[in-house]
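Taking it in order: structure first as structure tokens, then the write-up.
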Amino acid sequence: MAAITNKVFPFIKNMKNYSSAIKVQKLFSDWDWAEINAVMNRYGFRLIFLTCLSPLLTIIPAYVFKLALSTSSFVGYLLTIILIIPWILIPSLFIQHITNRSKFGKISSYAFIGILFLSFILWINVVNI
């Protein structure tokens with residue numbers, strides 16, 4: 001996994017040097033580059049795929065919500081909440097982790113949570129039973 005990550009993302013190791021050369025110290029000063037490299041080497045592709053696919057995969061809780069709405073089932077609503085929490089929590093925590101919980105990381109994490117809720121609402125309107 002480390003060899004593939006280093007081939008696909010060769011700039012991650014040298015990004016700190018590039019940022020000092022560009023004089024954009026304020027943008028990259030909060031990032032912990034050793035943690036990003038370790039996480040990317042271990043879980044990089046899985047977390048990137050999960051983060052990219054989570055707006056699409058919110059169709060599963062939306063479908064359960066539509067079923068619960070048509071049958072007026074309290075268990076269905078509870079199951080919807082249980083199913084939506086991992087699709088929202090894991091990508092937002094991943095974004096905060098790679099940005100070392102900086103202000104930019106928190107803002108981008110909250111923006112991504114908003115995108116996920118928006119995609120959930122859109123899926124509820126699109127899904128037909």
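Residues in the structure tokens are numbered from 1 in each chain, the chains being A, B, ... in the order shown, and ligands are numbered from 1 in the order shown.
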
Which residues, written as a CSV table (one decimal) with all heavy atoms, in the first residue's frame, have at least one atom at most 9 Å from region 77-92 of chain A, with only C-alpha atoms counted and residues fewer than 5 positions away on the same chain left out?
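And here is the file that came out, result.csv:
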chain,number,residue,atom,x,y,z
A,47,LEU,N,-10.1,5.3,2.8
A,47,LEU,CA,-10.8,6.5,3.4
A,47,LEU,C,-11.1,7.5,2.3
A,47,LEU,O,-12.2,8.2,2.3
A,47,LEU,CB,-9.9,7.2,4.4
A,47,LEU,CG,-9.7,6.4,5.7
A,47,LEU,CD1,-8.7,7.0,6.6
A,47,LEU,CD2,-11.1,6.3,6.4
A,48,ILE,N,-10.3,7.6,1.2
A,48,ILE,CA,-10.6,8.5,0.1
A,48,ILE,C,-11.8,8.0,-0.6
A,48,ILE,O,-12.7,8.8,-1.0
A,48,ILE,CB,-9.4,8.6,-0.8
A,48,ILE,CG1,-8.3,9.5,-0.1
A,48,ILE,CG2,-9.8,9.3,-2.2
A,48,ILE,CD1,-7.0,9.5,-0.9
A,50,LEU,N,-14.2,6.1,0.6
A,50,LEU,CA,-15.3,6.3,1.5
A,50,LEU,C,-15.8,7.7,1.5
A,50,LEU,O,-17.0,8.0,1.5
A,50,LEU,CB,-15.0,5.8,2.9
A,50,LEU,CG,-16.1,6.0,4.0
A,50,LEU,CD1,-17.2,5.0,3.7
A,50,LEU,CD2,-15.5,5.8,5.3
A,51,THR,N,-14.9,8.6,1.6
A,51,THR,CA,-15.2,10.0,1.6
A,51,THR,C,-15.9,10.5,0.3
A,51,THR,O,-16.9,11.2,0.3
A,51,THR,CB,-14.0,10.9,1.9
A,51,THR,OG1,-13.4,10.5,3.1
A,51,THR,CG2,-14.4,12.4,2.0
A,52,CYS,N,-15.4,9.9,-0.8
A,52,CYS,CA,-15.9,10.3,-2.1
A,52,CYS,C,-17.3,9.6,-2.4
A,52,CYS,O,-18.1,10.2,-3.1
A,52,CYS,CB,-15.0,10.0,-3.3
A,52,CYS,SG,-13.5,11.0,-3.2
A,54,SER,N,-19.5,8.5,0.0
A,54,SER,CA,-20.5,8.6,1.0
A,54,SER,C,-21.7,9.5,0.5
A,54,SER,O,-22.8,9.2,1.0
A,54,SER,CB,-19.9,9.2,2.3
A,54,SER,OG,-19.3,10.4,2.1
A,55,PRO,N,-21.6,10.5,-0.3
A,55,PRO,CA,-22.8,11.2,-0.8
A,55,PRO,C,-23.7,10.3,-1.6
A,55,PRO,O,-24.9,10.4,-1.6
A,55,PRO,CB,-22.3,12.4,-1.6
A,55,PRO,CG,-21.0,12.7,-1.0
A,55,PRO,CD,-20.4,11.3,-0.6
A,57,LEU,N,-23.7,6.9,-1.3
A,57,LEU,CA,-24.2,5.8,-0.5
A,57,LEU,C,-25.2,6.2,0.6
A,57,LEU,O,-25.7,5.4,1.3
A,57,LEU,CB,-23.0,5.1,0.1
A,57,LEU,CG,-22.1,4.4,-0.9
A,57,LEU,CD1,-20.9,3.8,-0.2
A,57,LEU,CD2,-22.8,3.3,-1.6
A,58,THR,N,-25.5,7.5,0.6
A,58,THR,CA,-26.6,7.9,1.6
A,58,THR,C,-27.9,7.5,1.0
A,58,THR,O,-28.9,7.8,1.6
A,58,THR,CB,-26.5,9.4,1.8
A,58,THR,OG1,-26.6,10.1,0.6
A,58,THR,CG2,-25.3,9.8,2.6
A,60,ILE,N,-28.9,4.5,0.8
A,60,ILE,CA,-29.3,3.4,1.7
A,60,ILE,C,-30.2,3.9,2.8
A,60,ILE,O,-31.3,3.4,3.0
A,60,ILE,CB,-28.1,2.6,2.2
A,60,ILE,CG1,-27.4,1.9,1.0
A,60,ILE,CG2,-28.6,1.5,3.1
A,60,ILE,CD1,-26.0,1.4,1.3
A,61,PRO,N,-29.7,4.9,3.6
A,61,PRO,CA,-30.6,5.4,4.7
A,61,PRO,C,-31.8,6.1,4.1
A,61,PRO,O,-32.9,6.1,4.7
A,61,PRO,CB,-29.7,6.4,5.5
A,61,PRO,CG,-28.4,6.1,5.1
A,61,PRO,CD,-28.4,5.4,3.8
A,62,ALA,N,-31.7,6.8,2.9
A,62,ALA,CA,-32.8,7.4,2.3
A,62,ALA,C,-33.9,6.4,1.9
A,62,ALA,O,-35.1,6.7,2.1
A,62,ALA,CB,-32.4,8.3,1.1
A,63,TYR,N,-33.5,5.3,1.4
A,63,TYR,CA,-34.4,4.3,1.0
A,63,TYR,C,-35.1,3.7,2.2
A,63,TYR,O,-36.4,3.5,2.2
A,63,TYR,CB,-33.7,3.2,0.3
A,63,TYR,CG,-34.6,2.1,-0.3
A,63,TYR,CD1,-35.4,2.4,-1.4
A,63,TYR,CD2,-34.7,0.9,0.2
A,63,TYR,CE1,-36.3,1.5,-1.9
A,63,TYR,CE2,-35.5,-0.1,-0.3
A,63,TYR,CZ,-36.3,0.2,-1.4
A,63,TYR,OH,-37.2,-0.7,-1.9
A,64,VAL,N,-34.4,3.5,3.3
A,64,VAL,CA,-35.0,3.0,4.6
A,64,VAL,C,-36.0,4.1,5.1
A,64,VAL,O,-37.1,3.7,5.6
A,64,VAL,CB,-33.9,2.6,5.6
A,64,VAL,CG1,-34.5,2.3,7.0
A,64,VAL,CG2,-33.1,1.5,5.1
A,65,PHE,N,-35.6,5.3,5.0
A,65,PHE,CA,-36.5,6.4,5.5
A,65,PHE,C,-37.8,6.4,4.6
A,65,PHE,O,-38.9,6.6,5.2
A,65,PHE,CB,-35.8,7.8,5.4
A,65,PHE,CG,-36.6,8.9,5.9
A,65,PHE,CD1,-36.8,9.1,7.2
A,65,PHE,CD2,-37.3,9.7,5.0
A,65,PHE,CE1,-37.5,10.2,7.7
A,65,PHE,CE2,-38.0,10.8,5.4
A,65,PHE,CZ,-38.2,11.0,6.8
A,68,ALA,N,-39.9,3.6,5.8
A,68,ALA,CA,-40.5,3.9,7.1
A,68,ALA,C,-41.6,4.9,7.0
A,68,ALA,O,-42.6,4.9,7.7
A,68,ALA,CB,-39.4,4.4,8.1
A,69,LEU,N,-41.4,5.9,6.0
A,69,LEU,CA,-42.5,6.9,5.8
A,69,LEU,C,-43.7,6.3,5.3
A,69,LEU,O,-44.8,6.6,5.7
A,69,LEU,CB,-41.9,8.0,4.9
A,69,LEU,CG,-42.7,9.3,4.8
A,69,LEU,CD1,-42.7,10.0,6.2
A,69,LEU,CD2,-42.0,10.1,3.8
A,72,SER,N,-45.2,4.1,8.2
A,72,SER,CA,-45.3,4.8,9.5
A,72,SER,C,-44.7,3.9,10.6
A,72,SER,O,-45.3,3.7,11.7
A,72,SER,CB,-46.7,5.1,9.8
A,72,SER,OG,-47.2,5.9,8.8
A,97,HIS,N,-9.1,14.8,10.9
A,97,HIS,CA,-7.8,14.1,11.3
A,97,HIS,C,-6.7,14.6,10.4
A,97,HIS,O,-5.6,14.8,10.9
A,97,HIS,CB,-8.0,12.6,11.3
A,97,HIS,CG,-6.7,11.9,11.6
A,97,HIS,ND1,-6.2,11.8,12.8
A,97,HIS,CD2,-5.9,11.2,10.8
A,97,HIS,CE1,-5.0,11.1,12.8
A,97,HIS,NE2,-4.8,10.7,11.6
A,106,LYS,N,-12.0,22.0,10.4
A,106,LYS,CA,-13.3,22.0,11.0
A,106,LYS,C,-14.4,22.6,10.0
A,106,LYS,O,-15.5,22.1,9.9
A,106,LYS,CB,-13.3,22.8,12.3
A,106,LYS,CG,-12.6,22.0,13.4
A,106,LYS,CD,-12.6,22.8,14.7
A,106,LYS,CE,-11.9,22.1,15.8
A,106,LYS,NZ,-11.8,22.8,17.1
A,108,SER,N,-14.2,22.8,6.7
A,108,SER,CA,-14.4,21.9,5.6
A,108,SER,C,-15.2,20.6,6.0
A,108,SER,O,-16.0,20.1,5.3
A,108,SER,CB,-13.0,21.5,5.0
A,108,SER,OG,-12.2,20.8,5.9
A,109,SER,N,-14.9,20.2,7.3
A,109,SER,CA,-15.7,19.0,7.8
A,109,SER,C,-17.2,19.4,7.9
A,109,SER,O,-18.0,18.6,7.5
A,109,SER,CB,-15.1,18.6,9.1
A,109,SER,OG,-15.9,17.6,9.7
A,110,TYR,N,-17.5,20.5,8.5
A,110,TYR,CA,-18.9,20.9,8.6
A,110,TYR,C,-19.5,21.2,7.2
A,110,TYR,O,-20.7,20.9,7.1
A,110,TYR,CB,-19.0,22.2,9.5
A,110,TYR,CG,-18.5,22.0,10.9
A,110,TYR,CD1,-17.8,23.0,11.6
A,110,TYR,CD2,-18.7,20.7,11.5
A,110,TYR,CE1,-17.4,22.8,12.9
A,110,TYR,CE2,-18.3,20.5,12.8
A,110,TYR,CZ,-17.6,21.5,13.5
A,110,TYR,OH,-17.2,21.3,14.8
A,112,PHE,N,-18.7,19.5,4.6
A,112,PHE,CA,-19.0,18.2,4.0
A,112,PHE,C,-20.2,17.5,4.7
A,112,PHE,O,-20.9,16.8,4.0
A,112,PHE,CB,-17.7,17.3,4.2
A,112,PHE,CG,-17.8,16.1,3.3
A,112,PHE,CD1,-17.7,16.1,2.0
A,112,PHE,CD2,-17.9,14.8,4.0
A,112,PHE,CE1,-17.8,15.0,1.2
A,112,PHE,CE2,-18.0,13.7,3.2
A,112,PHE,CZ,-17.9,13.7,1.9
A,113,ILE,N,-20.4,17.8,6.0
A,113,ILE,CA,-21.6,17.3,6.6
A,113,ILE,C,-22.8,17.9,6.0
A,113,ILE,O,-23.8,17.2,5.8
A,113,ILE,CB,-21.5,17.6,8.2
A,113,ILE,CG1,-20.5,16.7,8.8
A,113,ILE,CG2,-22.8,17.4,8.8
A,113,ILE,CD1,-20.2,17.0,10.3
A,116,LEU,N,-23.5,16.1,2.8
A,116,LEU,CA,-24.0,14.8,3.0
A,116,LEU,C,-25.5,14.9,3.4
A,116,LEU,O,-26.3,14.1,2.9
A,116,LEU,CB,-23.3,14.1,4.1
A,116,LEU,CG,-21.9,13.6,3.7
A,116,LEU,CD1,-21.2,13.1,4.9
A,116,LEU,CD2,-21.9,12.6,2.6
A,117,PHE,N,-25.9,15.9,4.2
A,117,PHE,CA,-27.3,16.0,4.6
A,117,PHE,C,-28.1,16.4,3.3
A,117,PHE,O,-29.2,16.0,3.1
A,117,PHE,CB,-27.5,17.1,5.7
A,117,PHE,CG,-27.4,16.5,7.0
A,117,PHE,CD1,-26.5,17.0,8.0
A,117,PHE,CD2,-28.2,15.4,7.4
A,117,PHE,CE1,-26.4,16.5,9.2
A,117,PHE,CE2,-28.1,14.9,8.7
A,117,PHE,CZ,-27.2,15.4,9.6
A,120,PHE,N,-28.6,13.4,1.3
A,120,PHE,CA,-29.6,12.6,1.9
A,120,PHE,C,-31.0,13.0,1.6
A,120,PHE,O,-31.9,12.3,1.2
A,120,PHE,CB,-29.3,12.5,3.4
A,120,PHE,CG,-30.4,11.8,4.2
A,120,PHE,CD1,-30.5,10.4,4.0
A,120,PHE,CD2,-31.2,12.4,5.0
A,120,PHE,CE1,-31.4,9.7,4.8
A,120,PHE,CE2,-32.2,11.7,5.8
A,120,PHE,CZ,-32.3,10.3,5.6

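Between Ala38 (chain A) and the residues A:Ile98, A:Ser70, A:Ile121, A:Gly76, the shortest atom-to-atom distance, using only C-alpha atoms, involves A:Ile98.
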
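CA of Leu67 (chain A) lies 27.6 Å from CA of Phe49 (chain A).
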
Separation of CA of Ile107 (chain A) and CA of Leu56 (chain A), in Å? 21.6 Å

Provide the CA of Gly114 (chain A) to CA of Arg46 (chain A) distance in Å, to one decimal place.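 Atom-to-atom, CA of Gly114 (chain A) and CA of Arg46 (chain A) are spaced 21.8 Å apart.
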
Which of these, A:Leu93, A:Gly105, A:Phe74, A:Lys66, has the shortest distance to Asn125 (chain A) once you count only C-alpha atoms?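 Using only C-alpha atoms, Asn125 (chain A) sits closest to A:Lys66.
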